[in-house]
>>> print(open('structure.txt').read())   # compact mmCIF, C-alpha atoms
# COMPACT_ATOMS: atom_id res chain seq x y z
CA MET P 30 -26.33 41.36 16.59
CA ALA P 31 -27.00 39.43 19.82
CA TRP P 32 -30.01 37.12 20.11
CA LEU P 33 -30.94 38.55 23.51
CA ARG P 34 -31.78 42.21 23.90
CA THR P 35 -28.87 44.20 25.30
CA ILE P 36 -28.50 47.81 26.43
CA SER P 37 -25.47 49.69 25.19
CA ARG P 38 -23.39 51.96 27.34
CA GLY P 39 -24.80 54.96 25.51
CA GLU P 40 -28.39 53.92 26.26
CA ALA P 41 -27.77 52.93 29.87
CA GLU P 42 -29.29 54.84 32.78
CA GLY P 43 -29.26 54.57 36.55
CA GLU P 44 -27.80 51.44 38.07
CA LEU P 45 -26.72 50.05 34.69
CA ALA P 46 -24.88 53.26 33.77
CA GLU P 47 -23.11 53.12 37.13
CA ALA P 48 -22.18 49.47 36.56
CA TYR P 49 -20.75 50.24 33.13
CA THR P 50 -18.74 53.15 34.54
CA ALA P 51 -17.35 50.95 37.30
CA MET P 52 -16.39 48.25 34.78
CA ALA P 53 -14.65 50.77 32.53
CA ALA P 54 -12.64 52.09 35.48
CA ARG P 55 -11.18 48.68 36.33
CA PRO P 56 -7.49 48.27 35.49
CA MET P 57 -7.42 45.99 32.50
CA PRO P 58 -4.84 44.76 29.98
CA ALA P 59 -5.26 46.35 26.57
CA ALA P 60 -6.09 42.94 25.10
CA TYR P 61 -9.31 42.90 27.13
CA ARG P 62 -10.56 46.25 25.80
CA PRO P 63 -12.79 46.01 22.72
CA PRO P 64 -11.95 48.24 19.74
CA HIS P 65 -15.14 50.31 20.12
CA ASP P 66 -16.60 52.73 22.64
CA ASP P 67 -19.21 50.38 24.05
CA ALA P 68 -18.79 47.81 26.81
CA ALA P 69 -17.47 44.43 25.65
CA GLY P 70 -20.12 42.07 24.34
CA ILE P 71 -19.81 39.65 27.23
CA ILE P 72 -20.56 42.52 29.63
CA ARG P 73 -23.43 43.87 27.51
CA ALA P 74 -24.88 40.35 27.46
CA HIS P 75 -25.74 40.91 31.14
CA SER P 76 -27.11 44.43 30.67
CA LEU P 77 -30.79 43.62 31.22
CA ASP P 78 -29.96 43.15 34.91
CA ALA P 79 -27.43 45.61 36.31
CA ARG P 80 -27.13 43.76 39.59
CA LEU P 81 -26.40 40.49 37.80
CA LEU P 82 -23.78 42.28 35.72
CA ALA P 83 -22.10 43.75 38.79
CA LEU P 84 -22.13 40.48 40.74
CA THR P 85 -20.88 38.41 37.82
CA PHE P 86 -17.92 40.62 37.06
CA SER P 87 -17.13 41.13 40.72
CA ALA P 88 -16.60 37.37 40.90
CA SER P 89 -14.60 37.26 37.67
CA GLY P 90 -12.47 40.14 38.92
CA GLY P 91 -11.42 37.95 41.83
CA LEU P 92 -9.54 35.66 39.46
CA HIS P 93 -6.66 38.08 39.09
CA GLY P 94 -4.27 37.32 41.94
CA ASP P 95 -0.76 36.02 42.37
CA ALA P 96 -1.43 32.28 42.55
CA LEU P 97 -1.09 31.97 38.76
CA ALA P 98 0.91 34.01 36.28
CA TRP P 99 -1.07 36.05 33.78
CA TRP P 100 -0.12 33.73 30.91
CA GLU P 101 -1.23 30.72 32.93
CA ARG P 102 -4.68 32.25 33.47
CA GLU P 103 -4.86 33.11 29.78
CA LEU P 104 -3.89 29.56 28.84
CA LEU P 105 -6.56 28.09 31.11
CA SER P 106 -9.25 30.42 29.81
CA SER P 107 -8.26 29.86 26.18
CA VAL P 108 -8.22 26.08 26.48
CA THR P 109 -11.55 26.14 28.30
CA SER P 110 -13.11 28.24 25.56
CA ARG P 111 -11.61 26.06 22.85
CA THR P 112 -12.88 22.90 24.55
CA ASN P 113 -16.34 24.46 24.60
CA GLU P 114 -15.93 25.35 20.90
CA CYS P 115 -16.38 29.00 21.82
CA PHE P 116 -14.61 31.99 20.31
CA TYR P 117 -14.71 33.84 23.60
CA MET M 13 2.07 28.77 22.07
CA SER M 14 -1.14 30.66 21.28
CA VAL M 15 -1.39 29.06 17.84
CA ALA M 16 -0.88 25.58 19.34
CA VAL M 17 -3.67 26.23 21.86
CA LEU M 18 -6.00 27.53 19.16
CA ALA M 19 -5.31 24.45 17.03
CA GLY M 20 -5.84 22.07 19.92
CA ASP M 21 -2.27 20.85 19.58
CA ASP M 22 -1.53 20.73 23.29
CA ALA M 23 1.22 18.12 22.75
CA ARG M 24 3.36 20.92 21.28
CA LEU M 25 3.15 22.97 24.47
CA PRO M 26 5.96 23.06 27.03
CA ALA M 27 5.38 20.47 29.76
CA ARG M 28 4.16 22.91 32.42
CA ALA M 29 1.71 24.54 30.01
CA ALA M 30 0.56 21.12 28.78
CA ALA M 31 -0.26 20.10 32.36
CA LEU M 32 -2.44 23.21 32.74
CA ALA M 33 -4.10 22.62 29.39
CA GLY M 34 -4.83 18.98 30.23
CA PHE M 35 -6.44 20.02 33.49
CA ALA M 36 -8.62 22.61 31.75
CA VAL M 37 -9.72 20.14 29.07
CA ALA M 38 -10.64 17.44 31.58
CA LEU M 39 -12.43 19.78 33.99
CA THR M 40 -14.38 21.33 31.11
CA GLU M 41 -15.20 18.28 29.03
CA ALA M 42 -15.69 15.58 31.66
CA PRO M 43 -15.35 16.96 35.20
CA TRP M 44 -16.73 13.73 36.69
CA SER M 45 -13.75 11.84 35.28
CA LEU M 46 -11.00 13.79 37.03
CA THR M 47 -8.88 11.73 39.37
CA PRO M 48 -6.19 12.64 41.90
CA ALA M 49 -3.66 11.87 39.16
CA ALA M 50 -4.70 15.11 37.44
CA VAL M 51 -3.77 17.09 40.54
CA GLU M 52 -0.55 15.10 40.98
CA ARG M 53 0.45 15.96 37.41
CA MET M 54 -0.07 19.64 38.16
CA ALA M 55 1.95 19.32 41.39
CA GLU M 56 4.82 17.65 39.50
CA HIS M 57 5.10 20.83 37.46
CA GLY M 58 5.30 23.05 40.50
CA PHE M 59 1.65 24.03 40.94
CA GLY M 60 0.79 24.18 44.63
CA ALA M 61 -2.65 23.85 46.18
CA ALA M 62 -3.39 27.58 45.82
CA ALA M 63 -2.46 27.58 42.12
CA ILE M 64 -4.59 24.52 41.44
CA GLU M 65 -7.51 26.05 43.31
CA ALA M 66 -7.06 29.23 41.25
CA ALA M 67 -6.90 27.16 38.06
CA THR M 68 -10.15 25.44 39.04
CA CYS M 69 -11.79 28.82 39.47
CA VAL M 70 -10.57 30.13 36.09
CA VAL M 71 -11.85 27.04 34.31
CA GLY M 72 -15.13 27.26 36.18
CA MET M 73 -15.55 30.93 35.36
CA PHE M 74 -14.92 30.38 31.69
CA ASN M 75 -17.41 27.54 31.62
CA TYR M 76 -19.84 30.25 32.74
CA LEU M 77 -18.69 32.97 30.33
CA THR M 78 -18.56 30.72 27.25
CA ARG M 79 -22.11 29.54 27.91
CA VAL M 80 -23.34 33.12 28.24
CA ALA M 81 -21.57 33.99 24.99
CA ASP M 82 -23.02 30.95 23.21
CA ALA M 83 -26.54 31.46 24.54
CA THR M 84 -26.79 35.20 23.89
CA GLY M 85 -25.16 35.14 20.47
CA ILE M 86 -22.87 38.08 21.20
CA PRO M 87 -20.41 38.80 18.40
CA PHE M 88 -16.69 38.45 18.99
CA ASP M 89 -15.40 41.94 19.70
CA PHE M 90 -11.85 41.65 20.97
CA PRO M 91 -8.77 42.46 18.91
CA THR M 92 -6.54 39.46 18.20
CA PRO M 93 -3.62 38.73 15.88
CA LEU M 94 -4.55 35.04 15.89
CA PRO M 95 -6.37 33.24 13.09
CA GLU M 96 -10.14 33.21 13.36
CA PHE M 97 -11.43 30.43 15.61
CA ARG M 98 -13.95 28.24 13.82
CA PRO M 99 -16.02 26.18 16.26
CA ASP M 100 -16.88 22.61 15.32
CA ARG M 101 -20.62 22.58 15.89
CA ASP M 102 -20.80 18.89 14.99
CA ARG M 103 -18.50 17.91 17.79
CA GLN M 104 -19.98 15.27 20.07
CA PRO M 105 -20.08 15.87 23.83
CA ALA M 106 -18.44 13.46 26.27
CA ALA M 107 -20.65 10.54 27.24
CA ARG M 108 -22.08 10.84 30.73
CA PRO M 109 -21.57 7.86 33.05
CA ASP M 110 -24.31 6.03 34.87
CA ARG M 111 -25.56 7.91 37.95
CA SER M 112 -24.08 5.23 40.20
CA CYS M 113 -20.62 6.46 39.11
CA TRP M 114 -21.25 10.16 39.75
CA PRO M 115 -18.90 11.69 42.31
CA ALA M 116 -20.45 13.03 45.52
CA VAL M 117 -18.86 16.30 46.59
CA HIS M 118 -19.70 18.09 49.81
CA ASP M 119 -20.91 21.68 49.68
CA GLU M 120 -17.77 22.86 51.49
CA PHE M 121 -16.00 22.54 48.13
CA ARG M 122 -18.22 25.19 46.52
CA SER M 123 -15.92 27.88 47.92
CA PHE M 124 -12.31 29.05 47.75
CA PRO M 125 -10.75 28.84 51.23
CA ARG M 126 -7.40 30.06 49.95
CA PHE M 127 -9.10 33.12 48.44
CA PRO M 128 -11.57 34.46 51.02
CA ALA M 129 -12.53 37.55 48.99
CA LEU M 130 -13.41 35.36 46.02
CA THR M 131 -15.44 33.06 48.25
CA GLU M 132 -17.47 36.06 49.36
CA THR M 133 -18.11 37.46 45.87
CA TRP M 134 -18.89 34.00 44.50
CA ALA M 135 -21.38 33.36 47.32
CA ARG M 136 -23.18 36.68 46.67
CA TRP M 137 -23.35 35.94 42.95
CA ARG M 138 -24.54 32.41 43.58
CA GLY M 139 -27.18 33.59 46.02
CA TYR M 140 -28.59 36.10 43.56
CA VAL M 141 -28.65 33.71 40.61
CA PHE M 142 -29.94 30.62 42.41
CA GLU M 143 -32.17 32.08 45.15
CA SER M 144 -33.95 35.09 43.64
CA ASP M 145 -37.68 34.74 43.01
CA ALA M 146 -37.95 37.07 40.03
CA PRO M 147 -37.90 37.32 37.08
CA LEU M 148 -37.74 33.53 37.32
CA ARG M 149 -39.42 31.77 40.20
CA ARG M 150 -37.11 29.96 42.61
CA ALA M 151 -38.66 26.64 41.57
CA GLU M 152 -37.75 27.37 37.95
CA ARG M 153 -34.19 28.17 38.97
CA ARG M 154 -33.97 24.89 40.87
CA LEU M 155 -35.19 23.04 37.80
CA LEU M 156 -32.57 24.71 35.59
CA ALA M 157 -29.81 24.19 38.13
CA ARG M 158 -30.77 20.56 38.72
CA THR M 159 -30.65 19.82 35.00
CA ALA M 160 -27.27 21.53 34.66
CA ALA M 161 -25.91 19.66 37.69
CA GLU M 162 -27.12 16.39 36.15
CA GLU M 163 -25.16 17.20 33.02
CA CYS M 164 -22.07 17.72 35.19
CA CYS M 165 -22.77 14.46 37.07
CA ASP M 166 -22.67 16.48 40.31
CA ARG M 167 -24.59 14.03 42.49
CA SER M 168 -24.63 16.06 45.69
CA ARG M 169 -25.98 19.14 44.00
CA VAL M 170 -28.62 17.14 42.13
CA ASP M 171 -29.74 15.49 45.36
CA SER M 172 -29.85 18.85 47.18
CA LEU M 173 -32.20 20.25 44.54
CA GLY M 174 -34.80 17.63 45.25
CA ASP M 175 -36.73 15.16 43.18
CA ALA M 176 -37.32 16.03 39.58
CA ALA M 177 -41.06 15.99 39.05
CA PRO M 178 -41.87 15.61 35.37
CA ALA M 179 -41.79 19.06 33.83
CA ALA M 180 -44.52 20.09 31.46
CA GLY M 181 -45.29 23.10 29.34
CA ALA M 182 -43.04 26.08 29.89
CA ARG M 183 -40.97 24.27 32.49
CA ALA M 184 -40.26 21.45 30.07
CA ARG M 185 -38.82 24.08 27.74
CA LEU M 186 -36.54 25.22 30.57
CA VAL M 187 -35.28 21.68 31.06
CA ASP M 188 -34.55 21.29 27.35
CA PHE M 189 -32.76 24.65 27.33
CA ALA M 190 -30.64 23.76 30.36
CA ARG M 191 -29.68 20.39 28.97
CA LYS M 192 -28.61 21.79 25.62
CA LEU M 193 -26.70 24.75 27.05
CA SER M 194 -24.92 22.44 29.46
CA ARG M 195 -24.08 19.55 27.16
CA VAL M 196 -23.57 21.16 23.76
CA PRO M 197 -23.30 24.91 24.28
CA TRP M 198 -21.64 25.26 20.87
CA ARG M 199 -24.92 24.31 19.18
CA MET M 200 -27.00 27.10 20.74
CA GLU M 201 -29.05 29.12 18.27
CA ALA M 202 -31.34 32.11 18.27
CA ALA M 203 -34.26 29.68 18.02
CA ASP M 204 -33.45 28.35 21.50
CA LEU M 205 -34.28 31.75 22.93
CA ASP M 206 -37.37 32.03 20.73
CA THR M 207 -38.62 28.79 22.26
CA LEU M 208 -38.44 30.32 25.73
CA ARG M 209 -40.10 33.51 24.51
CA ALA M 210 -42.93 31.45 23.02
CA ALA M 211 -43.28 29.74 26.41
CA GLY M 212 -43.89 33.14 27.99
CA TYR M 213 -40.49 34.09 29.37
CA SER M 214 -39.42 37.72 29.22
CA GLU M 215 -36.01 38.87 27.96
CA VAL M 216 -34.69 39.36 31.49
CA ALA M 217 -36.11 35.97 32.55
CA ILE M 218 -34.22 34.39 29.66
CA LEU M 219 -31.05 36.14 30.79
CA HIS M 220 -31.55 34.67 34.25
CA ALA M 221 -32.19 31.22 32.78
CA ILE M 222 -28.88 31.49 30.95
CA ALA M 223 -27.14 32.68 34.12
CA VAL M 224 -28.51 29.83 36.24
CA VAL M 225 -27.43 27.15 33.78
CA ALA M 226 -24.06 28.72 33.12
CA LEU M 227 -23.32 29.30 36.80
CA GLN M 228 -24.31 25.77 37.77
CA ASN M 229 -21.92 24.47 35.12
CA ALA M 230 -19.20 26.63 36.67
CA ASP M 231 -20.14 25.82 40.24
CA SER M 232 -20.22 22.05 39.71
CA ARG M 233 -16.83 22.11 38.04
CA VAL M 234 -15.38 24.19 40.86
CA ALA M 235 -16.71 21.72 43.42
CA LEU M 236 -15.52 18.64 41.53
CA GLY M 237 -12.10 20.18 40.96
CA ARG M 238 -11.68 21.55 44.48
CA ALA M 239 -12.53 18.21 46.04
CA LEU M 240 -9.57 16.74 44.20
CA VAL M 241 -7.23 19.49 45.42
CA ASP M 242 -8.14 18.72 49.00
CA GLY M 243 -7.86 14.97 48.48
CA ARG M 244 -11.45 14.07 49.09
CA ARG M 245 -12.12 12.05 45.93
>>> encode(input="structure.txt", output="structure tokens")
Amino acid sequence: MAWLRTISRGEAEGELAEAYTAMAARPMPAAYRPPHDDAAGIIRAHSLDARLLALTFSASGGLHGDALAWWERELLSSVTSRTNECFY
Amino acid sequence: MSVAVLAGDDARLPARAAALAGFAVALTEAPWSLTPAAVERMAEHGFGAAAIEAATCVVGMFNYLTRVADATGIPFDFPTPLPEFRPDRDRQPAARPDRSCWPAVHDEFRSFPRFPALTETWARWRGYVFESDAPLRRAERRLLARTAAEECCDRSRVDSLGDAAPAAGARARLVDFARKLSRVPWRMEAADLDTLRAAGYSEVAILHAIAVVALQNADSRVALGRALVDGRR
């Protein structure tokens, strides 16, 4: 259970529900989809502020272009997380 | 290759991948220490300016996301065939240099000229996180951001956020929180959030505190990395 209160997709209303729906509709590799019906934890971590959630993942969505191959982006993100001793 | 990355055995990676990994480690662990040689190494392996700028953004973004994960205590919920990653919570952070050695990077490097759409979304995100006046006051955001920028040795950003008056009470708790989340995010605990709650901060204010610190860590790394790409350091 997270240390900060979060709002699940099932509990979400209004702007947050819309943000979750928009996130779920984004094309996404299967590896990025959690094995449950709720939004991924890193998305739910932002759920107390729907606008923050939308802005954050709008920026992260801009990472997926042609300048780097998918495996190169994955390598960078994995090494960054490892260096920060983070499972994410 | 995934197992080598997980184990921190970057020497086993193919040369091109090792160059990327080395860049990510340096920009994450000690962004102030990057030199043009880091960019030259990337270029030797065929990474052009756009690819290096993109790499800087990915590393910056994951310095944000990992701090949010560490600060909120979210459980790991992605499928993976890899062995479980066990963080070393006793790991020591890189030593920060004296302020006189901090790089000074102009604000023009806090953007992505080769990716205009990303520049726009990043600016909107940045504006909301750093300039809003609720649920955290703007002055509180500046205090959090200044502390995080100090931890990144981002001299220009620190200077732009003004003099650091001694913080007391609740604001002193914000400074402590920002310093810990910046320097040793892997040591964050539930008690760190309880300290902010006890100081009077609401759940959504705490989320914003996390976002400010995490984004400043990303933003400073982007600036420090981008300045290298464009040969200004």
>>> closest_atom_pairs(input="structure.txt", of="chain P", to="chain M", cutoff="8 Å", atoms="only C-alpha atoms", output="JSON lines")
{"residue": "P:Met30", "atom": "CA", "partner": "M:Ile86", "partner_atom": "CA", "distance": 6.6}
{"residue": "P:Ala31", "atom": "CA", "partner": "M:Ile86", "partner_atom": "CA", "distance": 4.6}
{"residue": "P:Trp32", "atom": "CA", "partner": "M:Gly85", "partner_atom": "CA", "distance": 5.3}
{"residue": "P:Leu33", "atom": "CA", "partner": "M:Thr84", "partner_atom": "CA", "distance": 5.3}
{"residue": "P:Arg34", "atom": "CA", "partner": "M:Glu215", "partner_atom": "CA", "distance": 6.7}
{"residue": "P:Ala60", "atom": "CA", "partner": "M:Pro91", "partner_atom": "CA", "distance": 6.8}
{"residue": "P:Tyr61", "atom": "CA", "partner": "M:Phe90", "partner_atom": "CA", "distance": 6.8}
{"residue": "P:Arg62", "atom": "CA", "partner": "M:Phe90", "partner_atom": "CA", "distance": 6.8}
{"residue": "P:Pro63", "atom": "CA", "partner": "M:Phe90", "partner_atom": "CA", "distance": 4.8}
{"residue": "P:Pro64", "atom": "CA", "partner": "M:Pro91", "partner_atom": "CA", "distance": 6.6}
{"residue": "P:Ala69", "atom": "CA", "partner": "M:Asp89", "partner_atom": "CA", "distance": 6.8}
{"residue": "P:Gly70", "atom": "CA", "partner": "M:Ile86", "partner_atom": "CA", "distance": 5.8}
{"residue": "P:Ile71", "atom": "CA", "partner": "M:Ala81", "partner_atom": "CA", "distance": 6.3}
{"residue": "P:Ala74", "atom": "CA", "partner": "M:Thr84", "partner_atom": "CA", "distance": 6.6}
{"residue": "P:His75", "atom": "CA", "partner": "M:Leu219", "partner_atom": "CA", "distance": 7.1}
{"residue": "P:Leu77", "atom": "CA", "partner": "M:Val216", "partner_atom": "CA", "distance": 5.8}
{"residue": "P:Asp78", "atom": "CA", "partner": "M:Val216", "partner_atom": "CA", "distance": 7.0}
{"residue": "P:Leu81", "atom": "CA", "partner": "M:Trp137", "partner_atom": "CA", "distance": 7.5}
{"residue": "P:Leu84", "atom": "CA", "partner": "M:Trp137", "partner_atom": "CA", "distance": 5.2}
{"residue": "P:Thr85", "atom": "CA", "partner": "M:Trp137", "partner_atom": "CA", "distance": 6.2}
{"residue": "P:Ser87", "atom": "CA", "partner": "M:Thr133", "partner_atom": "CA", "distance": 6.4}
{"residue": "P:Ala88", "atom": "CA", "partner": "M:Thr133", "partner_atom": "CA", "distance": 5.2}
{"residue": "P:Ser89", "atom": "CA", "partner": "M:Met73", "partner_atom": "CA", "distance": 6.8}
{"residue": "P:Gly91", "atom": "CA", "partner": "M:Leu130", "partner_atom": "CA", "distance": 5.3}
{"residue": "P:Leu92", "atom": "CA", "partner": "M:Val70", "partner_atom": "CA", "distance": 6.6}
{"residue": "P:Ala96", "atom": "CA", "partner": "M:Ala63", "partner_atom": "CA", "distance": 4.8}
{"residue": "P:Leu97", "atom": "CA", "partner": "M:Ala63", "partner_atom": "CA", "distance": 5.7}
{"residue": "P:Glu101", "atom": "CA", "partner": "M:Ala29", "partner_atom": "CA", "distance": 7.4}
{"residue": "P:Arg102", "atom": "CA", "partner": "M:Val70", "partner_atom": "CA", "distance": 6.8}
{"residue": "P:Leu104", "atom": "CA", "partner": "M:Ala33", "partner_atom": "CA", "distance": 7.0}
{"residue": "P:Leu105", "atom": "CA", "partner": "M:Ala36", "partner_atom": "CA", "distance": 5.9}
{"residue": "P:Ser106", "atom": "CA", "partner": "M:Phe74", "partner_atom": "CA", "distance": 6.0}
{"residue": "P:Ser107", "atom": "CA", "partner": "M:Val17", "partner_atom": "CA", "distance": 7.3}
{"residue": "P:Val108", "atom": "CA", "partner": "M:Ala33", "partner_atom": "CA", "distance": 6.1}
{"residue": "P:Thr109", "atom": "CA", "partner": "M:Ala36", "partner_atom": "CA", "distance": 5.7}
{"residue": "P:Ser110", "atom": "CA", "partner": "M:Thr78", "partner_atom": "CA", "distance": 6.2}
{"residue": "P:Arg111", "atom": "CA", "partner": "M:Leu18", "partner_atom": "CA", "distance": 6.9}
{"residue": "P:Thr112", "atom": "CA", "partner": "M:Val37", "partner_atom": "CA", "distance": 6.2}
{"residue": "P:Asn113", "atom": "CA", "partner": "M:Trp198", "partner_atom": "CA", "distance": 6.5}
{"residue": "P:Glu114", "atom": "CA", "partner": "M:Pro99", "partner_atom": "CA", "distance": 4.7}
{"residue": "P:Cys115", "atom": "CA", "partner": "M:Thr78", "partner_atom": "CA", "distance": 6.1}
{"residue": "P:Phe116", "atom": "CA", "partner": "M:Phe97", "partner_atom": "CA", "distance": 5.9}
{"residue": "P:Tyr117", "atom": "CA", "partner": "M:Thr78", "partner_atom": "CA", "distance": 6.2}
>>> closest_residue(input="structure.txt", among="M:Arg149, M:Arg158, M:Arg191, M:Arg167", to="Pro115 of chain M", atoms="all atoms listed in the file")
M:Arg167
>>> atom_distance(input="structure.txt", atom1="atom CA of Ser123 of chain M", atom2="atom CA of Thr47 of chain M")
19.6 Å
>>> closest_residue(input="structure.txt", among="P:Glu103, P:Gly90, P:Glu40, P:His65", to="Met52 of chain P", atoms="all atoms listed in the file")
P:Gly90
>>> residues_around(input="structure.txt", residues="Ala182 of chain M", least_positions_apart="4", cutoff="10 Å", atoms="only C-alpha atoms", output="PyMOL selection string")
chain M and resi 152+186-187+207-213
>>> atom_distance(input="structure.txt", atom1="atom CA of Pro58 of chain P", atom2="atom CA of Pro95 of chain M")
20.5 Å
>>> residues_around(input="structure.txt", residues="segment 43-49 of chain P", least_positions_apart="4", cutoff="7 Å", atoms="only C-alpha atoms", output="PyMOL selection string")
chain P and resi 38+53+76+79+83
>>> axis_aligned_box(input="structure.txt", around="segment 167-178 of chain M", padding_each_side="4 Å", output="JSON")
{"center_x": -33.2, "center_y": 17.1, "center_z": 41.3, "size_x": 25.3, "size_y": 14.2, "size_z": 19.8}
>>> decode(input="structure.txt", residues="segment 57-110 of chain P", atoms="C-alpha atoms", output="tab-separated table (two decimals), in the first residue's frame")
chain	number	residue	atom	x	y	z
P	57	MET	CA	1.57	1.39	-25.06
P	58	PRO	CA	3.83	-1.68	-25.21
P	59	ALA	CA	2.43	-4.62	-23.27
P	60	ALA	CA	5.39	-4.43	-20.88
P	61	TYR	CA	4.11	-1.07	-19.63
P	62	ARG	CA	0.63	-2.37	-18.76
P	63	PRO	CA	0.24	-3.58	-15.16
P	64	PRO	CA	-1.32	-7.01	-14.60
P	65	HIS	CA	-4.44	-5.56	-12.93
P	66	ASP	CA	-7.39	-3.42	-13.94
P	67	ASP	CA	-6.26	-0.26	-12.18
P	68	ALA	CA	-3.90	2.42	-13.49
P	69	ALA	CA	-0.20	1.69	-12.93
P	70	GLY	CA	1.09	2.70	-9.52
P	71	ILE	CA	3.26	5.50	-10.85
P	72	ILE	CA	0.16	7.04	-12.45
P	73	ARG	CA	-2.00	6.52	-9.35
P	74	ALA	CA	0.75	8.20	-7.31
P	75	HIS	CA	-0.35	11.46	-8.99
P	76	SER	CA	-4.08	10.87	-8.57
P	77	LEU	CA	-4.72	13.49	-5.88
P	78	ASP	CA	-4.22	16.13	-8.60
P	79	ALA	CA	-5.67	15.24	-11.98
P	80	ARG	CA	-4.06	18.21	-13.69
P	81	LEU	CA	-0.64	17.26	-12.33
P	82	LEU	CA	-1.21	13.71	-13.56
P	83	ALA	CA	-2.15	14.87	-17.04
P	84	LEU	CA	0.74	17.34	-17.34
P	85	THR	CA	3.31	14.89	-16.02
P	86	PHE	CA	2.40	12.10	-18.39
P	87	SER	CA	1.96	14.47	-21.30
P	88	ALA	CA	5.63	15.35	-20.84
P	89	SER	CA	6.69	11.72	-20.42
P	90	GLY	CA	4.72	10.81	-23.51
P	91	GLY	CA	6.94	13.17	-25.49
P	92	LEU	CA	9.91	10.88	-24.92
P	93	HIS	CA	8.74	8.39	-27.52
P	94	GLY	CA	10.13	9.60	-30.83
P	95	ASP	CA	12.61	8.42	-33.43
P	96	ALA	CA	15.82	9.93	-32.06
P	97	LEU	CA	16.48	6.80	-29.99
P	98	ALA	CA	15.48	3.19	-30.56
P	99	TRP	CA	13.04	1.70	-28.09
P	100	TRP	CA	15.73	-0.49	-26.51
P	101	GLU	CA	17.98	2.54	-26.09
P	102	ARG	CA	15.26	4.40	-24.18
P	103	GLU	CA	14.64	1.31	-22.07
P	104	LEU	CA	18.36	1.00	-21.33
P	105	LEU	CA	18.59	4.64	-20.27
P	106	SER	CA	15.52	4.40	-18.05
P	107	SER	CA	16.65	1.12	-16.50
P	108	VAL	CA	20.16	2.36	-15.74
P	109	THR	CA	18.75	5.58	-14.30
P	110	SER	CA	16.42	3.65	-12.02
